[in-house]
$ cat query-v7.pdb   # PDB, C-alpha atoms
ATOM      1  CA  MET A1078      -0.553  50.453  77.573
ATOM      2  CA  SER A1079      -1.848  50.154  81.139
ATOM      3  CA  THR A1080      -3.275  46.744  82.014
ATOM      4  CA  LEU A1081      -6.369  48.631  83.180
ATOM      5  CA  VAL A1082      -6.947  50.491  79.905
ATOM      6  CA  THR A1083      -7.323  47.421  77.678
ATOM      7  CA  PRO A1084     -10.201  45.754  79.578
ATOM      8  CA  LEU A1085     -11.778  49.159  80.230
ATOM      9  CA  ILE A1086     -12.044  49.849  76.507
ATOM     10  CA  ARG A1087     -12.678  46.264  75.429
ATOM     11  CA  TYR A1088     -15.625  45.750  77.770
ATOM     12  CA  GLY A1089     -16.590  49.273  78.845
ATOM     13  CA  TYR A1090     -16.510  51.355  75.656
ATOM     14  CA  ALA A1091     -19.677  49.966  74.051
ATOM     15  CA  PRO A1092     -21.787  50.078  77.271
ATOM     16  CA  PHE A1093     -20.582  53.635  77.912
ATOM     17  CA  LEU A1094     -21.925  54.783  74.540
ATOM     18  CA  LEU A1095     -24.994  52.529  74.353
ATOM     19  CA  ILE A1096     -26.149  53.042  77.934
ATOM     20  CA  GLY A1097     -24.245  56.070  79.216
ATOM     21  CA  ILE A1098     -24.473  58.494  76.287
ATOM     22  CA  ASN A1099     -27.918  57.344  75.154
ATOM     23  CA  GLY A1100     -29.130  57.349  78.752
ATOM     24  CA  ALA A1101     -27.934  60.909  79.203
ATOM     25  CA  GLY A1102     -29.634  61.809  75.916
ATOM     26  CA  ILE A1103     -32.909  60.408  77.211
ATOM     27  CA  ALA A1104     -32.497  62.364  80.446
ATOM     28  CA  VAL A1105     -32.051  65.719  78.665
ATOM     29  CA  ALA A1106     -34.309  65.091  75.656
ATOM     30  CA  GLY A1107     -36.907  67.587  76.814
ATOM     31  CA  ALA A1108     -34.324  70.291  77.516
ATOM     32  CA  ASN A1109     -32.228  72.446  75.195
ATOM     33  CA  LYS A1110     -31.187  70.421  72.143
ATOM     34  CA  LEU A1111     -27.647  71.774  72.522
ATOM     35  CA  TRP A1112     -27.230  69.133  75.219
ATOM     36  CA  LEU A1113     -27.662  66.447  72.555
ATOM     37  CA  ILE A1114     -24.957  68.057  70.418
ATOM     38  CA  ALA A1115     -22.652  68.175  73.449
ATOM     39  CA  LEU A1116     -23.306  64.485  74.133
ATOM     40  CA  LEU A1117     -22.601  63.666  70.498
ATOM     41  CA  GLY A1118     -19.284  65.499  70.846
ATOM     42  CA  VAL A1119     -18.418  63.360  73.887
ATOM     43  CA  ALA A1120     -19.350  60.220  71.925
ATOM     44  CA  VAL A1121     -17.141  61.193  68.975
ATOM     45  CA  ALA A1122     -14.188  62.048  71.250
ATOM     46  CA  THR A1123     -14.602  58.761  73.122
ATOM     47  CA  SER A1124     -14.783  56.883  69.827
ATOM     48  CA  PHE A1125     -11.508  58.333  68.557
ATOM     49  CA  ALA A1126      -9.789  57.732  71.903
ATOM     50  CA  ALA A1127     -10.905  54.078  72.019
ATOM     51  CA  GLU A1128      -9.787  53.501  68.415
ATOM     52  CA  HIS A1129      -6.311  54.858  69.079
ATOM     53  CA  LEU A1130      -5.812  53.159  72.443
ATOM     54  CA  LEU A1131      -7.124  49.727  71.412
ATOM     55  CA  PRO A1132      -7.413  49.470  67.609
ATOM     56  CA  TYR A1133      -8.670  46.433  65.703
ATOM     57  CA  GLN A1134      -6.312  47.383  62.852
ATOM     58  CA  ASP A1135      -3.504  49.866  63.506
ATOM     59  CA  SER A1136      -3.467  50.944  59.854
ATOM     60  CA  TRP A1137      -7.107  52.006  60.000
ATOM     61  CA  ASN A1138      -6.166  54.796  62.395
ATOM     62  CA  ASN A1139      -4.041  56.369  59.646
ATOM     63  CA  SER A1140      -5.696  58.597  57.076
ATOM     64  CA  HIS A1141      -6.098  57.174  53.584
ATOM     65  CA  ARG A1142      -6.428  60.777  52.398
ATOM     66  CA  ASP A1143     -10.055  60.460  53.466
ATOM     67  CA  THR A1144     -10.319  62.134  56.880
ATOM     68  CA  GLY A1145     -11.453  65.532  55.580
ATOM     69  CA  ARG A1146     -13.918  63.921  53.180
ATOM     70  CA  ASP A1147     -15.378  61.707  55.909
ATOM     71  CA  ALA A1148     -15.664  64.653  58.304
ATOM     72  CA  THR A1149     -17.576  66.592  55.630
ATOM     73  CA  HIS A1150     -19.923  63.657  55.031
ATOM     74  CA  SER A1151     -20.466  63.369  58.780
ATOM     75  CA  VAL A1152     -21.269  67.048  59.311
ATOM     76  CA  VAL A1153     -23.641  67.194  56.326
ATOM     77  CA  ASN A1154     -25.477  63.995  57.207
ATOM     78  CA  GLU A1155     -25.686  64.658  60.935
ATOM     79  CA  THR A1156     -27.151  68.069  60.083
ATOM     80  CA  LEU A1157     -29.774  66.270  57.986
ATOM     81  CA  ILE A1158     -30.632  64.040  60.950
ATOM     82  CA  LEU A1159     -31.003  67.026  63.298
ATOM     83  CA  ALA A1160     -33.025  68.918  60.678
ATOM     84  CA  SER A1161     -35.416  65.982  60.370
ATOM     85  CA  VAL A1162     -36.058  66.182  64.128
ATOM     86  CA  ALA A1163     -36.691  69.924  63.918
ATOM     87  CA  ALA A1164     -39.110  69.345  61.032
ATOM     88  CA  ILE A1165     -41.233  66.759  62.858
ATOM     89  CA  PRO A1166     -43.922  69.214  64.120
ATOM     90  CA  ALA A1167     -44.428  70.587  60.590
ATOM     91  CA  LEU A1168     -44.442  67.117  59.053
ATOM     92  CA  ALA A1169     -46.823  65.786  61.706
ATOM     93  CA  ALA A1170     -49.284  68.579  60.847
ATOM     94  CA  LEU A1171     -49.562  67.168  57.328
ATOM     95  CA  ILE A1172     -50.643  63.761  58.632
ATOM     96  CA  PRO A1173     -54.326  63.372  59.586
ATOM     97  CA  GLY A1174     -55.082  62.191  63.104
ATOM     98  CA  ASP A1175     -52.874  62.004  66.176
ATOM     99  CA  GLY A1176     -51.522  58.498  65.619
ATOM    100  CA  ILE A1177     -51.469  55.782  68.251
ATOM    101  CA  TRP A1178     -48.247  56.671  70.021
ATOM    102  CA  PRO A1179     -48.185  55.409  73.676
ATOM    103  CA  HIS A1180     -47.585  58.826  75.254
ATOM    104  CA  THR A1181     -48.301  57.560  78.781
ATOM    105  CA  TRP A1182     -45.660  54.825  78.706
ATOM    106  CA  PRO A1183     -42.268  55.399  80.381
ATOM    107  CA  PHE A1184     -40.091  57.650  78.227
ATOM    108  CA  VAL A1185     -37.269  55.124  77.926
ATOM    109  CA  VAL A1186     -39.763  52.540  76.615
ATOM    110  CA  GLN A1187     -41.000  55.044  74.040
ATOM    111  CA  VAL A1188     -37.406  55.567  72.852
ATOM    112  CA  LEU A1189     -36.869  51.804  72.575
ATOM    113  CA  ILE A1190     -40.064  51.509  70.500
ATOM    114  CA  ALA A1191     -38.831  54.302  68.223
ATOM    115  CA  ILE A1192     -35.483  52.530  67.821
ATOM    116  CA  LEU A1193     -37.119  49.222  66.847
ATOM    117  CA  VAL A1194     -39.540  50.834  64.384
ATOM    118  CA  ALA A1195     -36.807  52.965  62.798
ATOM    119  CA  ASP A1196     -34.509  49.944  62.700
ATOM    120  CA  LEU A1197     -37.039  47.988  60.625
ATOM    121  CA  GLY A1198     -37.583  50.824  58.135
ATOM    122  CA  ILE A1199     -33.875  51.581  57.756
ATOM    123  CA  THR A1200     -32.964  47.894  57.467
ATOM    124  CA  LEU A1201     -35.488  47.371  54.654
ATOM    125  CA  ALA A1202     -34.275  50.521  52.846
ATOM    126  CA  HIS A1203     -30.701  49.300  53.245
ATOM    127  CA  TYR A1204     -31.617  45.857  51.924
ATOM    128  CA  ALA A1205     -33.401  47.423  48.941
ATOM    129  CA  SER A1206     -30.327  49.552  48.244
ATOM    130  CA  HIS A1207     -28.372  46.387  47.502
ATOM    131  CA  LYS A1208     -31.078  45.049  45.181
ATOM    132  CA  ILE A1209     -32.356  48.089  43.245
ATOM    133  CA  GLY A1210     -29.917  49.663  40.812
ATOM    134  CA  VAL A1211     -30.896  53.309  41.232
ATOM    135  CA  LEU A1212     -30.583  53.058  45.022
ATOM    136  CA  TRP A1213     -27.261  51.216  44.786
ATOM    137  CA  ARG A1214     -25.816  54.104  42.742
ATOM    138  CA  PHE A1215     -26.132  56.309  45.841
ATOM    139  CA  HIS A1216     -25.413  53.645  48.450
ATOM    140  CA  ALA A1217     -22.163  52.716  46.668
ATOM    141  CA  VAL A1218     -20.593  55.865  48.135
ATOM    142  CA  HIS A1219     -20.730  54.244  51.571
ATOM    143  CA  HIS A1220     -19.261  50.977  50.296
ATOM    144  CA  SER A1221     -16.250  52.666  48.729
ATOM    145  CA  VAL A1222     -14.483  52.855  52.123
ATOM    146  CA  THR A1223     -11.187  50.990  52.451
ATOM    147  CA  ARG A1224     -10.780  51.326  56.197
ATOM    148  CA  PHE A1225     -13.240  50.867  59.026
ATOM    149  CA  TYR A1226     -13.476  53.581  61.682
ATOM    150  CA  GLY A1227     -16.071  55.701  63.446
ATOM    151  CA  LEU A1228     -16.605  58.446  60.868
ATOM    152  CA  ASN A1229     -17.417  55.828  58.196
ATOM    153  CA  GLY A1230     -20.893  55.548  59.685
ATOM    154  CA  LEU A1231     -22.025  58.855  58.199
ATOM    155  CA  MET A1232     -19.892  58.547  55.069
ATOM    156  CA  LYS A1233     -22.972  58.450  52.848
ATOM    157  CA  HIS A1234     -24.392  60.286  49.871
ATOM    158  CA  PRO A1235     -26.866  62.779  51.376
ATOM    159  CA  LEU A1236     -29.629  61.593  49.035
ATOM    160  CA  HIS A1237     -29.194  58.028  50.241
ATOM    161  CA  GLN A1238     -29.071  59.263  53.822
ATOM    162  CA  THR A1239     -32.419  60.945  53.111
ATOM    163  CA  VAL A1240     -33.872  57.697  51.711
ATOM    164  CA  GLU A1241     -32.881  55.762  54.829
ATOM    165  CA  MET A1242     -34.107  58.513  57.160
ATOM    166  CA  THR A1243     -37.437  58.679  55.347
ATOM    167  CA  ALA A1244     -37.898  54.910  55.629
ATOM    168  CA  GLY A1245     -37.173  55.098  59.346
ATOM    169  CA  VAL A1246     -39.097  58.280  60.210
ATOM    170  CA  ILE A1247     -42.326  58.030  58.164
ATOM    171  CA  PRO A1248     -43.710  55.074  60.180
ATOM    172  CA  LEU A1249     -42.891  56.973  63.375
ATOM    173  CA  LEU A1250     -44.677  60.083  62.107
ATOM    174  CA  LEU A1251     -47.743  57.991  61.295
ATOM    175  CA  LEU A1252     -47.629  56.621  64.829
ATOM    176  CA  GLY A1253     -47.418  60.180  66.226
ATOM    177  CA  ILE A1254     -43.897  60.200  67.706
ATOM    178  CA  PRO A1255     -43.278  63.147  70.098
ATOM    179  CA  VAL A1256     -40.357  65.466  69.341
ATOM    180  CA  PRO A1257     -38.397  64.619  72.544
ATOM    181  CA  VAL A1258     -38.495  60.922  71.621
ATOM    182  CA  ALA A1259     -37.318  61.754  68.100
ATOM    183  CA  ALA A1260     -34.482  63.849  69.539
ATOM    184  CA  SER A1261     -33.304  60.908  71.658
ATOM    185  CA  LEU A1262     -33.571  58.684  68.586
ATOM    186  CA  SER A1263     -31.382  61.051  66.556
ATOM    187  CA  LEU A1264     -28.605  60.800  69.150
ATOM    188  CA  ALA A1265     -29.008  57.017  69.288
ATOM    189  CA  VAL A1266     -28.579  56.827  65.495
ATOM    190  CA  ALA A1267     -25.332  58.816  65.611
ATOM    191  CA  VAL A1268     -23.974  56.756  68.521
ATOM    192  CA  GLN A1269     -24.893  53.518  66.766
ATOM    193  CA  LEU A1270     -23.105  54.532  63.568
ATOM    194  CA  LEU A1271     -19.960  55.326  65.572
ATOM    195  CA  LEU A1272     -20.045  51.931  67.262
ATOM    196  CA  GLN A1273     -21.022  50.007  64.143
ATOM    197  CA  HIS A1274     -18.032  51.245  62.145
ATOM    198  CA  SER A1275     -15.593  51.592  65.038
ATOM    199  CA  ASN A1276     -11.970  50.505  64.731
ATOM    200  CA  ALA A1277     -11.903  49.894  68.493
ATOM    201  CA  ASP A1278     -11.358  46.234  69.369
ATOM    202  CA  TYR A1279     -14.265  46.058  71.823
ATOM    203  CA  ARG A1280     -16.369  43.050  72.839
ATOM    204  CA  VAL A1281     -20.056  42.639  73.670
ATOM    205  CA  GLY A1282     -20.149  38.878  74.206
ATOM    206  CA  PRO A1283     -23.301  37.089  72.995
ATOM    207  CA  PHE A1284     -24.945  40.435  72.235
ATOM    208  CA  LYS A1285     -22.958  40.426  68.978
ATOM    209  CA  TYR A1286     -25.586  38.053  67.590
ATOM    210  CA  VAL A1287     -28.383  40.554  68.278
ATOM    211  CA  LEU A1288     -26.881  44.049  68.177
ATOM    212  CA  ALA A1289     -25.629  45.497  64.888
ATOM    213  CA  LEU A1290     -22.130  46.419  66.041
ATOM    214  CA  ASN A1291     -18.705  46.388  64.417
ATOM    215  CA  GLU A1292     -17.949  42.666  64.742
ATOM    216  CA  GLY A1293     -20.897  41.808  62.530
ATOM    217  CA  HIS A1294     -20.999  44.901  60.349
ATOM    218  CA  ARG A1295     -17.510  44.308  58.955
ATOM    219  CA  PHE A1296     -18.994  41.368  57.015
ATOM    220  CA  HIS A1297     -21.380  43.802  55.330
ATOM    221  CA  HIS A1298     -18.406  45.704  53.919
ATOM    222  CA  LEU A1299     -16.708  42.718  52.262
ATOM    223  CA  LYS A1300     -16.017  43.918  48.739
ATOM    224  CA  TRP A1301     -17.224  40.961  46.690
ATOM    225  CA  ALA A1302     -20.693  41.071  45.133
ATOM    226  CA  GLY A1303     -23.153  38.929  47.050
ATOM    227  CA  VAL A1304     -20.740  38.164  49.903
ATOM    228  CA  GLY A1305     -21.328  41.560  51.494
ATOM    229  CA  ASP A1306     -25.122  41.421  51.148
ATOM    230  CA  VAL A1307     -25.513  40.549  54.820
ATOM    231  CA  ASN A1308     -26.087  42.187  58.221
ATOM    232  CA  PHE A1309     -28.163  45.138  57.010
ATOM    233  CA  GLY A1310     -29.494  46.224  60.413
ATOM    234  CA  LEU A1311     -28.640  49.592  61.939
ATOM    235  CA  PHE A1312     -29.510  48.953  65.589
ATOM    236  CA  THR A1313     -30.209  45.227  65.691
ATOM    237  CA  LEU A1314     -29.695  42.045  63.687
ATOM    238  CA  ILE A1315     -33.242  40.850  64.439
ATOM    239  CA  TRP A1316     -34.488  41.624  60.949
ATOM    240  CA  ASP A1317     -31.402  40.014  59.379
ATOM    241  CA  HIS A1318     -32.145  36.774  61.203
ATOM    242  CA  LEU A1319     -35.718  36.936  59.863
ATOM    243  CA  LEU A1320     -34.575  37.860  56.339
ATOM    244  CA  ARG A1321     -31.900  35.140  56.504
ATOM    245  CA  THR A1322     -29.228  37.719  55.727
ATOM    246  CA  TYR A1323     -27.317  37.278  58.983
ATOM    247  CA  SER A1324     -23.643  36.298  58.666
ATOM    248  CA  TYR A1325     -20.793  35.882  61.119
ATOM    249  CA  ASP A1326     -17.539  33.956  61.410
ATOM    250  CA  ALA A1327     -15.519  34.398  64.592
ATOM    251  CA  THR A1328     -12.283  33.291  62.879
ATOM    252  CA  ARG A1329     -12.366  35.966  60.173
ATOM    253  CA  ARG A1330      -9.899  38.856  60.358
ATOM    254  CA  PHE A1331     -10.300  41.923  58.163
ATOM    255  CA  THR A1332      -7.827  44.195  56.411
ATOM    256  CA  SER A1333      -8.253  46.985  53.874
ATOM    257  CA  ALA A1334      -7.810  44.377  51.133
ATOM    258  CA  ASP A1335     -11.236  42.980  52.091
ATOM    259  CA  LEU A1336     -13.091  46.312  51.911
ATOM    260  CA  GLY A1337     -14.423  48.530  49.147
ATOM    261  CA  MET A1338     -15.974  47.298  45.887
ATOM    262  CA  ALA A1339     -14.258  44.654  43.779
ATOM    263  CA  ALA A1340     -16.387  45.740  40.817
ATOM    264  CA  LYS A1341     -15.125  49.313  41.054
ATOM    265  CA  PRO A1342     -11.849  49.638  42.963
ATOM    266  CA  ASP A1343     -11.243  53.109  41.482
ATOM    267  CA  TYR A1344     -14.390  54.682  42.945
ATOM    268  CA  PRO A1345     -13.878  58.473  43.346
ATOM    269  CA  SER A1346     -12.472  59.440  46.728
ATOM    270  CA  GLY A1347     -13.167  63.197  46.838
ATOM    271  CA  TYR A1348     -16.313  64.548  48.496
ATOM    272  CA  LEU A1349     -17.704  66.461  45.516
ATOM    273  CA  ALA A1350     -16.739  63.666  43.131
ATOM    274  CA  GLN A1351     -18.665  61.210  45.287
ATOM    275  CA  LEU A1352     -21.727  63.455  45.241
ATOM    276  CA  ALA A1353     -21.606  63.542  41.443
ATOM    277  CA  GLU A1354     -20.717  59.896  40.753
ATOM    278  CA  PRO A1355     -24.260  58.426  41.024
ATOM    279  CA  PHE A1356     -25.410  60.788  38.271
ATOM    280  CA  THR A1357     -22.710  59.776  35.805
ATOM    281  CA  ARG A1358     -23.033  57.140  33.087
ATOM    282  CA  HIS A1359     -20.573  54.874  34.876
ATOM    283  CA  GLY A1360     -21.954  55.490  38.360
ATOM    284  CA  ALA A1361     -23.982  52.284  38.523
ATOM    285  CA  CYS A1362     -21.002  50.117  39.537
ATOM    286  CA  ASP A1363     -22.676  47.273  37.650
ATOM    287  CA  SER A1364     -19.711  45.829  35.802
ATOM    288  CA  ALA A1365     -19.212  42.072  36.252
ATOM    289  CA  PRO A1366     -17.984  41.714  39.843
ATOM    290  CA  ALA A1367     -15.085  39.558  40.848
ATOM    291  CA  ARG A1368     -16.343  36.465  42.647
ATOM    292  CA  ALA A1369     -14.922  35.713  46.062
ATOM    293  CA  ASP A1370     -12.489  32.841  45.960
ATOM    294  CA  SER A1371     -11.895  30.351  48.722
ATOM    295  CA  ASN A1372      -9.389  32.627  50.416
ATOM    296  CA  ASP A1373     -11.567  35.732  50.272
ATOM    297  CA  GLY A1374     -15.255  35.255  50.897
ATOM    298  CA  ALA A1375     -15.794  31.568  51.510
ATOM    299  CA  ARG A1376     -15.053  31.790  55.228
ATOM    300  CA  VAL A1377     -18.186  33.840  55.789
ATOM    301  CA  THR A1378     -20.988  31.637  57.085
ATOM    302  CA  THR A1379     -24.619  32.650  56.746
ATOM    303  CA  THR A1380     -27.477  31.286  58.771
TER     304      THR A1380
END

$ encode --input "query-v7.pdb" --output "structure tokens"
Amino acid sequence: MSTLVTPLIRYGYAPFLLIGINGAGIAVAGANKLWLIALLGVAVATSFAAEHLLPYQDSWNNSHRDTGRDATHSVVNETLILASVAAIPALAALIPGDGIWPHTWPFVVQVLIAILVADLGITLAHYASHKIGVLWRFHAVHHSVTRFYGLNGLMKHPLHQTVEMTAGVIPLLLLGIPVPVAASLSLAVAVQLLLQHSNADYRVGPFKYVLALNEGHRFHHLKWAGVGDVNFGLFTLIWDHLLRTYSYDATRRFTSADLGMAAKPDYPSGYLAQLAEPFTRHGACDSAPARADSNDGARVTTT
């Protein structure tokens, strides 16, 4: 590999998506929404290129007979996100009053406010999904992954995706969020999920303690009960620091043996089977979990 490519991906990939793609999304938010879809396509293509040119784990670039399933999850759930944006005018009409949204503030500031508000709602819904049995049934689909790459971000049961979206969007509707701001937010969510689950070996320096990116989110996917109940944030780790659920260990390396669910290693892998699993008698995944031993989970430090 070219000596130029490695540092370009390691230090340029995340800023390109976070600032470049999101910045372009903010610039075209008031125009045809097809521009947002085109930008999402660029983000996905960039994600796959970065993962193959500079992978964290080479084996995670190889299909575990899951690529088609993950692509289906991604298309379905991204469609739900875009549909929620399209439905905002109708939903806003059901809410009395005009809210207190700061319409006169710079547009980029409005988008940042939307990101922080949505981040809080989604983080709390995510946290609750690890504590409340009926929510965990649906969230378990996401935790069944055994490799970590971009499409994992939207590998979710659509009902759980709806729960998280509702938790993030309802406060914004009450505040009176404009549709262009919501459109920029929808792109930011998709970009964040790509980065958060990316197999690219990128670096963000000290920002890894604040932004919910792949270095920290891998700890959330540790398969042992309790050990993976950390780093719930979508955009930031601010709420995890406040909830005392933040965890990070710079010496930890991850393989597929660390991922999935120790309590249910045989979780269904097909798309339709995963949609049905939460409704089955055994879909709770509540059998006695294997505890992490000193070689598995003990190296994770929580502050």

$ closest_residue --input "query-v7.pdb" --among "A:Tyr1323, A:Tyr1286, A:Trp1316, A:Phe1215" --to "Ala1353 (chain A)" --atoms "all atoms listed in the file"
A:Phe1215

$ residues_around --input "query-v7.pdb" --residues "Ala1126 (chain A)" --least-positions-apart "5" --cutoff "9 Å" --atoms "all atoms listed in the file" --output "PyMOL selection string"
chain A and resi 1121+1131+1277

$ write_last_selection --input "query-v7.pdb" --atoms "C-alpha atoms" --output "tab-separated table (two decimals), in the frame of the given file"
chain	number	residue	atom	x	y	z
A	1121	VAL	CA	-17.14	61.19	68.97
A	1131	LEU	CA	-7.12	49.73	71.41
A	1277	ALA	CA	-11.90	49.89	68.49

$ resolve_selection --input "query-v7.pdb" --expression "the PyMOL selection byres ((chain A and resi 1089) around 12)" --output "PyMOL selection string"
chain A and resi 1081-1088+1090-1097+1123-1124+1127+1277-1282

$ resolve_selection --input "query-v7.pdb" --expression "the PyMOL selection byres ((chain A and resi 1180-1194) around 9)" --output "compact mmCIF listing (two decimals) with C-alpha atoms, in the frame of the given file"
# COMPACT_ATOMS: atom_id res chain seq x y z
CA GLY A 1100 -29.13 57.35 78.75
CA ILE A 1103 -32.91 60.41 77.21
CA ILE A 1177 -51.47 55.78 68.25
CA TRP A 1178 -48.25 56.67 70.02
CA PRO A 1179 -48.18 55.41 73.68
CA ALA A 1195 -36.81 52.96 62.80
CA ASP A 1196 -34.51 49.94 62.70
CA LEU A 1197 -37.04 47.99 60.62
CA GLY A 1198 -37.58 50.82 58.14
CA ILE A 1199 -33.88 51.58 57.76
CA GLY A 1245 -37.17 55.10 59.35
CA VAL A 1246 -39.10 58.28 60.21
CA PRO A 1248 -43.71 55.07 60.18
CA LEU A 1249 -42.89 56.97 63.38
CA ILE A 1254 -43.90 60.20 67.71
CA PRO A 1255 -43.28 63.15 70.10
CA VAL A 1258 -38.49 60.92 71.62
CA ALA A 1259 -37.32 61.75 68.10
CA SER A 1261 -33.30 60.91 71.66
CA LEU A 1262 -33.57 58.68 68.59
CA ALA A 1265 -29.01 57.02 69.29
CA VAL A 1266 -28.58 56.83 65.50
CA PHE A 1312 -29.51 48.95 65.59
CA THR A 1313 -30.21 45.23 65.69

$ resolve_selection --input "query-v7.pdb" --expression "the PyMOL selection byres ((chain A and resi 1297-1301) around 7)" --output "PyMOL selection string"
chain A and resi 1220+1294-1296+1302-1308+1335-1339+1366-1369

$ closest_residue --input "query-v7.pdb" --among "A:Ser1140, A:Gly1310, A:Val1268, A:Ser1275" --to "Val1287 (chain A)" --atoms "all atoms listed in the file"
A:Gly1310

$ atom_distance --input "query-v7.pdb" --atom1 "CA of Gly1210 (chain A)" --atom2 "CA of Glu1354 (chain A)"
13.8 Å

$ closest_residue --input "query-v7.pdb" --among "A:Asn1276, A:Asn1138, A:Thr1332, A:Thr1322" --to "His1207 (chain A)" --atoms "only C-alpha atoms"
A:Thr1322

$ closest_residue --input "query-v7.pdb" --among "A:Ser1151, A:Ser1324, A:Gln1269, A:Thr1080" --to "His1219 (chain A)" --atoms "only C-alpha atoms"
A:Ser1151

$ closest_residue --input "query-v7.pdb" --among "A:Arg1321, A:His1150, A:His1274, A:Lys1285" --to "Val1218 (chain A)" --atoms "only C-alpha atoms"
A:His1150
